[in-house]
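Engineer: Handing you this structure, nothing more for now.
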Amino acid sequence: MMAGCRLRLWGLLVLGLWLSGACAPAPGPGTSAALVIAFPAEPVTLNPLFLTDQISFTISGLIFNGLTRFRPDLKVTGDLATAWDLSPDGRRLTFYLRRGVKWHDGQDFTAHDVVFTYALLTSPQVPAPLSSQFGPVQTVRAVDDFTVVVEYREPYGSALESWSLGILPRHLGQHRPPTDLAFSRQPVGTGPYQVLSWTPGQELVLAAFPEHFAGAPALPRLHLIFLADATTRFLNLKAGRIEVMELSPAQAAVIQGQPEAWPRLALYRCPNVRYGLLGFNLQQSRWQDPRVRLAFSQALDRQALIQGVLHGLGRLTASPYPPDTYYYHPNLPLPEYKPQQAQETLKSLGLLPWPEDQPLTLSTNYESREHLALAEIIQRQLAAVGIPVQIRTYDWVTFRHVVIDQRQFDLVLLSRSYWWDPDLYPLWHSSQNQKGAWNFLGYRNPEVDRLLEAGRRTLDPNRRRQLYHQLQEIMVADPPCLLLFAADTIFAAPKNLRGLQPGPLEIFHNLREWTWATPGPL
């Protein structure tokens with residue numbers, strides 16, 4: 001999972017004093033105390049227009065609602081919309097909205113908020129990374145306060161999925177610029193939780209919204225703390241000062257190996273929810289020949305990565321789609337470890353011997369110990385076939401600027417949560433190569449573009465699956481990046497915290513339903 005921003009030094013010191021026991025221990029579960037959830041970094045933004053990292057997506061999803069949402073089985077269901085109609089030609093989608101929905105400031109939610117959000121999303125003045133997610137939308141109009149009609153230039157297979165984006169309040173946004181930092185820091189949504197306070201670099205406190213349309217959440221307050229150091233998070237989890245957090249594979253192995261030392265905790269495993277990737281700066285001429293990228297793939301012992309860093313909590317994959325979804329290609333050849341063949345290919349292409357004084361740079365973010373460990377193993381594996389590599393690490397804010405925006409890298413190591421919509425247009429279409437967009441590797445393949453465009457226009461699931469199977473076959477032969485593994489995530493939570501549902505959406509998707517069991521001995 002992609003980590004977020006760097007903690008400021010003063011914030012780290014203050015938070016470290018609190019977590020190290022400088023104050024009284026937190027009250028026990030089942031009291032009115034806030035549930036303490038730890039993240040490795042704070043969100044970059046909470047504004048749905050500008051979400052790019054998983055932490056921001058997760059926390060913003062507690063504050064905002066879309067017209068639709070994903071169920072745990074990844075099927076689309078209603079959220080702010082209770083029903084919809086799609087015209088036979090697939091060019092008109094009519095949403096029927098919930099009545100009586102309130103914004104956190106007490107104002108009424110209406111169809112005009114939906115129209116306003118779309119206008120912002122597609123404005124040339126708004127650098128919204130998800131604008132392409134809405135495909136061939138032509139117009140969005142409010143028929144009345146509770147009916148929205150979306151007209152498309154052509155059928156769009158991911159129309160319902162796209163409207164899971166959080167909706168913004170017109171009555172606030174129309175009087176301030178869309179990039180207003182104050183709104184990103186103190187947003188007003190319709191979600192089950194509202195922002196009570198945000199101390200940059202330290203904590204974000206959310207309070208249950210009593211007028212939420214699905215009822216007030218069972219947990220009245222969430223205390224989200226941001227702490228980059230994995231060891232400090234783990235120690236405070238054991239001490240009970242942190243109650244819920246994602247574990248690294250090594251931390252999960254410690255708890256599983258010594259359960260008697262962790263009597264309060266239960267572990268929740270979410271299989272195949274993200275993938276690791278080694279990306280190439282495809283603007284450089286050295287990577288243009290796919291044979292070079294494929295040779296690098298053969299130089300990587302992925303099983304060593306899975307066992308050595310993930311402690312077995314992963315599997316080989318050749319697909320950018322999550323396993324067990326209808327559009328996943330089950331018959332792709334899995335990547336093989338063939339270092340001698342990799343050397344021979346690189347020699348035949350004139351790349352070996354590689355000058356020792358011109359090492360490739362491998363960039364990653366230092367908040368993730370998993371990334372650091374993976375980078376070191378990859379460095380050794382590439383050195384074994386004659387490729388010198390220098391690791392460069394950045395905090396997440398600097399990483400975004402240097403690597404993603406400025407493209408100053410040779411190789412990049414990242415983890416991405418799977419995209420649950422089969423439309424990978426925002427990730428790999430050549431038009432999405434501009435600054436701030438998600439195809440920052442610069443991948444260009446005309447046939448991939450054609451298939452992505454055709455997949456968008458196709459409504460029939462069987463035909464769509466065929467198109468995406470072809471897409472995956474091409475991306476095996478001409479990889480935009482090297483997929484390292486499909487990884488599981490492990491979360492720890494108190495045993496008497498009820499309602500957690502691990503799965504492909506991880507665990508926070510239904511946080512409003514979590515509740516404490518009757519307090520008592522664990």
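Residue names in the structure tokens use chain letters A, B, ... in the order shown, residue numbers from 1 in each chain, and ligand numbers from 1 in the order shown.
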Please identify all polymer residues within 8 Å of segment 151-157 of chain A, counting only C-alpha atoms, omitting same-chain residues fewer than 6 positions from it, and present them as a PyMOL selection string.

Structural biologist: chain A and resi 89-93+135-140+455-460

Engineer: Can those selected residues be exported to a file as a compact mmCIF listing (two decimals), in the first residue's frame so that it contains N, CA, C and O atoms?

Structural biologist:
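Once everything was written out, this is selection-v8.txt:
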```txt
# COMPACT_ATOMS: atom_id res chain seq x y z
N ASP A 89 -29.57 1.95 -25.47
CA ASP A 89 -28.35 2.18 -26.26
C ASP A 89 -27.14 2.50 -25.38
O ASP A 89 -26.04 2.72 -25.88
N GLY A 90 -27.33 2.51 -24.06
CA GLY A 90 -26.22 2.74 -23.14
C GLY A 90 -25.72 4.16 -23.09
O GLY A 90 -24.66 4.41 -22.50
N ARG A 91 -26.48 5.11 -23.62
CA ARG A 91 -25.99 6.49 -23.69
C ARG A 91 -26.65 7.43 -22.69
O ARG A 91 -26.31 8.61 -22.64
N ARG A 92 -27.61 6.94 -21.94
CA ARG A 92 -28.26 7.78 -20.94
C ARG A 92 -28.41 6.98 -19.65
O ARG A 92 -29.00 5.91 -19.62
N LEU A 93 -27.87 7.55 -18.58
CA LEU A 93 -27.93 6.93 -17.27
C LEU A 93 -28.67 7.88 -16.34
O LEU A 93 -28.24 9.03 -16.14
N GLY A 135 -14.89 8.86 -18.44
CA GLY A 135 -15.03 8.42 -19.82
C GLY A 135 -15.76 9.42 -20.71
O GLY A 135 -15.56 10.64 -20.60
N PRO A 136 -16.66 8.92 -21.56
CA PRO A 136 -17.28 9.77 -22.57
C PRO A 136 -18.54 10.49 -22.10
O PRO A 136 -19.54 10.55 -22.81
N VAL A 137 -18.52 11.03 -20.87
CA VAL A 137 -19.67 11.80 -20.40
C VAL A 137 -19.80 13.06 -21.25
O VAL A 137 -18.82 13.77 -21.49
N GLN A 138 -21.00 13.33 -21.71
CA GLN A 138 -21.26 14.53 -22.51
C GLN A 138 -21.88 15.64 -21.66
O GLN A 138 -21.42 16.78 -21.68
N THR A 139 -22.93 15.31 -20.92
CA THR A 139 -23.56 16.28 -20.03
C THR A 139 -24.04 15.58 -18.77
O THR A 139 -24.34 14.38 -18.77
N VAL A 140 -24.11 16.35 -17.69
CA VAL A 140 -24.70 15.91 -16.44
C VAL A 140 -25.68 17.00 -16.02
O VAL A 140 -25.28 18.16 -15.85
N GLY A 455 -12.86 -1.49 -24.52
CA GLY A 455 -13.42 -1.98 -23.27
C GLY A 455 -14.36 -0.98 -22.64
O GLY A 455 -15.39 -1.34 -22.06
N ARG A 456 -14.03 0.30 -22.76
CA ARG A 456 -14.91 1.34 -22.23
C ARG A 456 -16.25 1.39 -22.96
O ARG A 456 -17.28 1.66 -22.36
N ARG A 457 -16.23 1.14 -24.25
CA ARG A 457 -17.45 1.25 -25.05
C ARG A 457 -18.34 0.01 -24.96
O ARG A 457 -19.45 0.01 -25.49
N THR A 458 -17.84 -1.03 -24.32
CA THR A 458 -18.53 -2.32 -24.33
C THR A 458 -19.33 -2.53 -23.05
O THR A 458 -18.79 -2.41 -21.95
N LEU A 459 -20.62 -2.86 -23.21
CA LEU A 459 -21.48 -3.10 -22.07
C LEU A 459 -21.62 -4.58 -21.74
O LEU A 459 -21.83 -4.94 -20.58
N ASP A 460 -21.50 -5.43 -22.73
CA ASP A 460 -21.67 -6.86 -22.52
C ASP A 460 -20.48 -7.41 -21.72
O ASP A 460 -19.33 -7.31 -22.15
```

Engineer: Using only C-alpha atoms, determine which residues lie at most 10 Å from Asp405 of chain A, disregarding the query and same-chain residues fewer than 2 positions distant; provide the list as a PyMOL selection string.

Structural biologist: chain A and resi 398-403+407-408+434-438+440

Engineer: Would you kindly return, as a VMD selection string, each protein, DNA or RNA residue with an atom no farther than 10 Å from any atom of Thr110 of chain A, considering only C-alpha atoms and excluding same-chain residues fewer than 3 positions away?

Structural biologist: chain A and resid 80 97 to 103 107 113 to 115 142 144 to 148 169 to 170

Engineer: Which residues come within 12 Å of His371 of chain A, counting only C-alpha atoms, excluding same-chain residues fewer than 5 positions away, as a PyMOL selection string?

Structural biologist: chain A and resi 1-3+248-249+276-278+305+309-310+362-366+376-379+391-394+412-416+484

Engineer: Quick one: everything within 7 Å of Pro48 of chain A, counting only C-alpha atoms, minus sequence neighbours fewer than 5 positions away in the same chain. Send it as a list in words.

Structural biologist: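 Counting only the stated atoms, we get Ser60, Leu165 and Gly166 of chain A.
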
Engineer: Let's have the selection written as a PDB file, in the first residue's frame, with C-alpha atoms.

Structural biologist:
```
ATOM      1  CA  SER A  60     -11.884  10.310   2.537  1.00  0.00           C
ATOM      2  CA  LEU A 165     -16.330   9.152  -6.524  1.00  0.00           C
ATOM      3  CA  GLY A 166     -17.243  11.262  -3.481  1.00  0.00           C
TER       4      GLY A 166
END
```

Engineer: Could I get the residues of segment 253-339 of chain A with an atom no further than 9 Å from an atom of segment 233-240 of chain A, each paired with its nearest atom pair and that distance in Å to one decimal, using only C-alpha atoms, sorted by chain and residue number, as JSON lines?

Structural biologist:
```
{"residue": "A:Ala261", "atom": "CA", "partner": "A:Lys238", "partner_atom": "CA", "distance": 8.5}
{"residue": "A:Trp262", "atom": "CA", "partner": "A:Lys238", "partner_atom": "CA", "distance": 6.8}
{"residue": "A:Arg264", "atom": "CA", "partner": "A:Gly240", "partner_atom": "CA", "distance": 8.5}
{"residue": "A:Leu265", "atom": "CA", "partner": "A:Lys238", "partner_atom": "CA", "distance": 8.7}
```

Engineer: What parts of segment 301-458 of chain A does DSSP call alpha helix (DSSP H)? I'd like the answer as a PyMOL selection string.

Structural biologist: chain A and resi 302-308+339-348+369-384+396-399+425-428+446-457

Engineer: Within 10 Å of Glu211 of chain A, counting only C-alpha atoms, which residues qualify if same-chain residues fewer than 2 places away don't, as a ChimeraX atom specification?

Structural biologist: /A:100-104,106,190-192,208-209,213-217

Engineer: Would you mind listing what lies within 6 Å of segment 314-316 of chain A as a ChimeraX atom specification, with only C-alpha atoms counted and same-chain residues fewer than 6 positions away left out?

Structural biologist: /A:306,485-488

Engineer: Name the closest residue to Trp354 of chain A among the candidates A:Ala384, A:Leu86, A:Leu332, A:Met475; distances are taken between atoms, counting only C-alpha atoms.

Structural biologist: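 Selected residue with least distance to Trp354 of chain A: A:Ala384.
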
Engineer: Considering only C-alpha atoms, can you say which of A:Ser164, A:Asn510, A:Gln54, A:Ser430 comes closest to Val273 of chain A?

Structural biologist: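 Among the listed residues, the smallest separation from Val273 of chain A belongs to A:Gln54.
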
Engineer: Which residue out of A:Val476, A:Ile387, A:Ala492, A:Leu224 has the minimum interatomic distance to Pro200 of chain A when only C-alpha atoms are used?

Structural biologist: A:Leu224

Engineer: When DSSP is applied to the backbone of this structure, which of segment 68-290 of chain A are assigned strand (DSSP E)? Write them out as a VMD selection string.

Structural biologist: chain A and resid 68 to 70 76 to 78 81 to 86 92 to 97 137 to 144 147 to 152 193 to 199 203 to 208 221 to 226 244 to 247 265 to 280
